[in-house]
Number of protein chains: 2
Amino acid sequence: MTLNFKIEDGGVLKVESRTGESVLDTAKRAGVAIDAPCGGNGTCGKCRVRLLSGTLDGEKSKYITNEDWNEGWRLACAHKPTGDVEIFVPAAAQAFQSRIRVTDFSGEREKTAFAALCATLNELGFFGDSSLELCEITLTPPSLDDAQADAGRLIAAISAAENVEETSIRLGLSALRRLPQAVRTGNFTVKAVLRREEDGAITVLDVRCDAEGGHALAGLAIDIGTTTVSLLLVDLTTGRPIAAASGGNAQIRFGADVINRIIESTKPGGLERLRCAIIDECLSPLIRRLCASAGLDTGCVYRVAVAGNTTMTHLFLGTPPEFLRLEPYVPAFFDTPRLNAGEIGLPVNPQADTIIAPAIGSYVGGDITAGVLAADFYRKENFSLFVDLGTNGELVFGNMEFLFSCACSAGPAFEGGEISCGMRATTGAVEKCAINTAGEPELTIIGESGTKAAGLCGSGLIDIIGELFRCGLINAKGKFISEGKRIVKDEYGGSGYVVVFAAESATGGDIVLSEADIDNFIRAKGAIFSAIRTMLAIVDMSSDVIETVYVAGGIGSGIDIDHAILIGMFPKLPREKYVYIGNSSLSGAYAMLTSRGAARKTNEIARSMTYIELSSHPAYMDEFVAACFLPHTDAGLFA
Amino acid sequence: MTLNFKIEDGGVLKVESRTGESVLDTAKRAGVAIDAPCGGNGTCGKCRVRLLSGTLDGEKSKYITNEDWNEGWRLACAHKPTGDVEIFVPAAAQAFQSRIRVTDFSGEREKTAFAALCATLNELGFFGDSSLELCEITLTPPSLDDAQADAGRLIAAISAAENVEETSIRLGLSALRRLPQAVRTGNFTVKAVLRREEDGAITVLDVRCDAEGGHALAGLAIDIGTTTVSLLLVDLTTGRPIAAASGGNAQIRFGADVINRIIESTKPGGLERLRCAIIDECLSPLIRRLCASAGLDTGCVYRVAVAGNTTMTHLFLGTPPEFLRLEPYVPAFFDTPRLNAGEIGLPVNPQADTIIAPAIGSYVGGDITAGVLAADFYRKENFSLFVDLGTNGELVFGNMEFLFSCACSAGPAFEGGEISCGMRATTGAVEKCAINTAGEPELTIIGESGTKAAGLCGSGLIDIIGELFRCGLINAKGKFISEGKRIVKDEYGGSGYVVVFAAESATGGDIVLSEADIDNFIRAKGAIFSAIRTMLAIVDMSSDVIETVYVAGGIGSGIDIDHAILIGMFPKLPREKYVYIGNSSLSGAYAMLTSRGAARKTNEIARSMTYIELSSHPAYMDEFVAACFLPHTDAGLFA
């Protein structure tokens, strides 16, 4: 049986189906990207494809309306071919795949966050300590009487210029390969990229000449989220970001959360599939696009800093994460040895040091240690709470004396996953919403003026649910208790709120927030709030001691804190105690990229943090159940 | 226009031809291996293919008989398609391509040479100093109360076992990737491969457990010749060779000699084509086969030592060799920085140190410095002459006080190139020959008893030409002066000697040594003899001072020295002064593999050697012309 995939904007692929394989299974095997945040369990409705010819065997799901069913729409995970079939894969089924967005890093919020981070790095004396330098070196030209090889000639010149012994200067392979042409094109004057090692030795990473063009001393900060990957290309001579990009983590077709990815990794070839998904399908094209947008050769990236949760960094290195989820929950590594980009497979200078923010446990990873570095509260006397809203929610509480951390499975709702109309915070996402007295929503959509809405990202979800609750359209259980032209019923009897009507949407269909979506979201916010409560209880403190709450996560324009408190996601504290710090994992990676001091400090922070396993605290489950209401079963907490 | 290549023993490949491309050009571009030792100039006759359908435009060459022409045989380099064509590529047109031969290293000659080398290494205290060790390490199992990561656990255990600080122990990426499974399969006892660095630090290259099987502490010695590549897989715990393999250098389709390869490297994409030819097409399959024959995972190769001429090592590393042939003849490097196998692209443990024997000039490379190490005369008081017979001929003359070296373009005749019936010293090659009083040849053929002759290798050529001259069948100019059933004339009027009649040959055709072949060979032997004469003249010495002549080169069963003197290739010295030492480049690489001391010694030898540029000595050309006779214009030299 042949499956003929016709991919919107992406050509055609013929694949031979294997007995018993669902359409999604075949697509995964063949590398056809189809979203499956639920891992193919039929519970997210994201893998909608359309049958063009042939027949598929499988049951209709609640995610497919009767009308769509008649038009051939099916869930790829729930259907198997019974013969040759033609399948249309719409762009919408690839919304969580890598969509590259290159920015000029000129947004107001980015500028503010970046300025604050730079001020901190300066204060700590960390700025501009990347270990790399671009030096102009002039060589003695060879002659028949002086037939020394190019490499020896370069090393002698660097030795003289830098006053370092020749035996302490090592030439990297990329530098060696470029050397003969560069010295001759540059008439024996070249720009050498030197890395000063801790022991005083010098490694020559590259040799170019001005006439060759396209050169800079660049570095990459990378945040590998379970759902979203973000990159910052940085000029390491100035520390200035040159360009930013983000995209979906291509591993999403193996499941939205880390548990499904870990399970996939234990299947034959699974670990390598996941490694390729992040390295080859996701990061490599993003890096190439980023560099191209800045007019740089990718070989000019000489240092890379990566932050991600423990599962993500294991998969990034191709290290089995299998034992993270088996008692006693031991990862392969917390911190990594010295690694270079070539051995990892990143398309940058192969000798580029690739540093990875250290993890402190199976479920509190380098995204959090890097985030704590960036939030900069580990040096303060007052107590702070740090909340990172991602596919997992992680919390850190403490001050200069101690730092406690824990993780809760919030699920991917904050990044738009497991929400029927959810999407990442990218072009077309509703990122803000207010509902006016007429019950009509007033939306802010990411993208240029006039961009039509395609779905809801995390901050939009918080706003809409907060507004529906504030306006009395939904009750404490998240059920609709009112009627109106925007409140519709689906064929199973559930209600929903039409955020955008079909005529105004980018997808051509209504964008509807259903009760099932609200229910998923309530569980996500409940997980966060109950984790905050449990952790404070463990250290025997109340939320009153908190001086500042740092809210991190790339979920849109930043959270509307009033809405977040209104729905019982965050504790009721004075509004000014809340600071939204954006993607702190990426900021921390940026700090580690531009500064070896910051990288060392992150390791110190990691060593000083204590990990608390929430699941071993019986009170947590009770707290969670109590928090799965709007705002809470104990409404007094939010009075 | 479509070219449909039907490859003997190798399937079918369809390629679109480009305007103006010869069949050979298209084959090169598409990766269809067709021998072209002359680089496609129509002067070697090795690229014989057969037209099955369609028409080709081109002239008949002297390498194609009328009969063959009528059967469709053509030179691929001299013909262009005029429409769709089908081309048969016979195995004979791939004789110089990689043919893998795995041996158990049990031949008498190998045993003797190996024993002598080991004795030398022992005497020098170099044996068993590869820096690598296989250690059994037992880790404390983790628990809920001790959730240290696997990596930290391993480092702690090694630190305790080896009494080295934890901060001085570095885990390689391959070790990290294997660690979680290995410790659990091995019940927390593993075999770790440790490399002791010069500064006392330890690098953990690998972690395996006995239950996983297929493991050993192995290394690879590699000789990259212009024509032939030879490998030795070595057990580094004992120093014992496990298996040997050799094959043709796949770069041969870009020309037989280094000059043609250098020219190819300057074409767009040419350098990468040559790098891939040696790394991906030639070495990688040989390494995989070698390891498979020994039942080892290729990841168990933890150290690699490589020797080759300067052009070969430049191409091996993907470094442009372009300036080797342009005045002032400066290579990119003499010695290499520390390199690992992963960055070079060898399919072994990516962290394996890959050491390369140092070059001393554009035309005296690491094959010679490694060869001098293996021949071991650099420590002697008496004068020695070292002659390496390859595609280039290289000479070293000297003693413990000084070493002079030079190179001459002998051409590929000693390895069977540019000889119509020539082949490498592999199965089917005539490696010895005596002609009896009836004018009949008595042949020794490489391979099992009963193997039919397919061509002549270097040692066979020396024997046959020596015998033809001794028996008076050819004159001093190499022309036939006699008649007989084995002496035939071709259609151009040239004569030849039928070494093997079609009925007895493996190719199904006569194996004929023509006057053109003899002429090519005389120029090769003349280049060697005149180089010896010129170098001795430069240091103002005569051949009488030579105590020992070391003859190196993988040209068959070893040279018959009497024949070599008879034809004027080597100076007339007492027979016992000559020692045939086989592939000394490979032996030197073996020494560098098993011993860091030997590797350092090779660098010392390289620094102490003086390179002499023969072409800048006017006497050399006169010497060469005088040496292009059998035995020499001055027959008194051989009286």
# chains A, B, ... in the order shown; residues from 1 in each chain; ligands from 1
>>> interface_residues(of="chain B", to="chain A", cutoff="10 Å", atoms="only C-alpha atoms", output="VMD selection string")
chain B and resid 141 to 153 169 to 181 184 314 317 to 324 327 to 340 342 to 344 350 to 351 359 to 362
>>> select_by_dssp(residues="region 343-588 of chain A", states="helix (DSSP H, G or I)", output="count of residues only")
73
>>> residues_around(residues="Val387 (chain A)", least_positions_apart="5", cutoff="9 Å", atoms="only C-alpha atoms", output="ChimeraX atom specification")
/A:393-397,528,532,549-553
>>> select_by_dssp(residues="region 330-576 of chain B", states="strand (DSSP E or B)", output="MDAnalysis selection string")
chainID B and resid 340 353:356 383:389 393:398 403:408 422 429:435 441:445 453 455:456 474 480 487:489 495:500 505 511:514 546:552
>>> residues_around(residues="Met609 (chain B)", least_positions_apart="4", cutoff="9 Å", atoms="only C-alpha atoms", output="ChimeraX atom specification")
/B:360,369,396,402-405,604-605
>>> closest_residue(among="A:Val579, A:Ala410, A:Ala598, A:Leu593", to="Asn122 (chain A)", atoms="only C-alpha atoms")
A:Ala598
>>> residues_around(residues="Glu547 (chain A)", least_positions_apart="3", cutoff="12 Å", atoms="only C-alpha atoms", output="count of residues only")
22
>>> residues_around(residues="region 627-634 of chain B", least_positions_apart="2", cutoff="7 Å", atoms="only C-alpha atoms", output="ChimeraX atom specification")
/B:476-477,522-523,526,529-530,566-568,623-625,636-637
>>> residues_around(residues="Ala524 (chain A)", least_positions_apart="5", cutoff="8 Å", atoms="only C-alpha atoms", output="PyMOL selection string")
chain A and resi 409-411+413-414
>>> closest_residue(among="B:Gly450, B:Gly225, B:Gly295, B:Gly20", to="Gly213 (chain B)", atoms="only C-alpha atoms")
B:Gly295
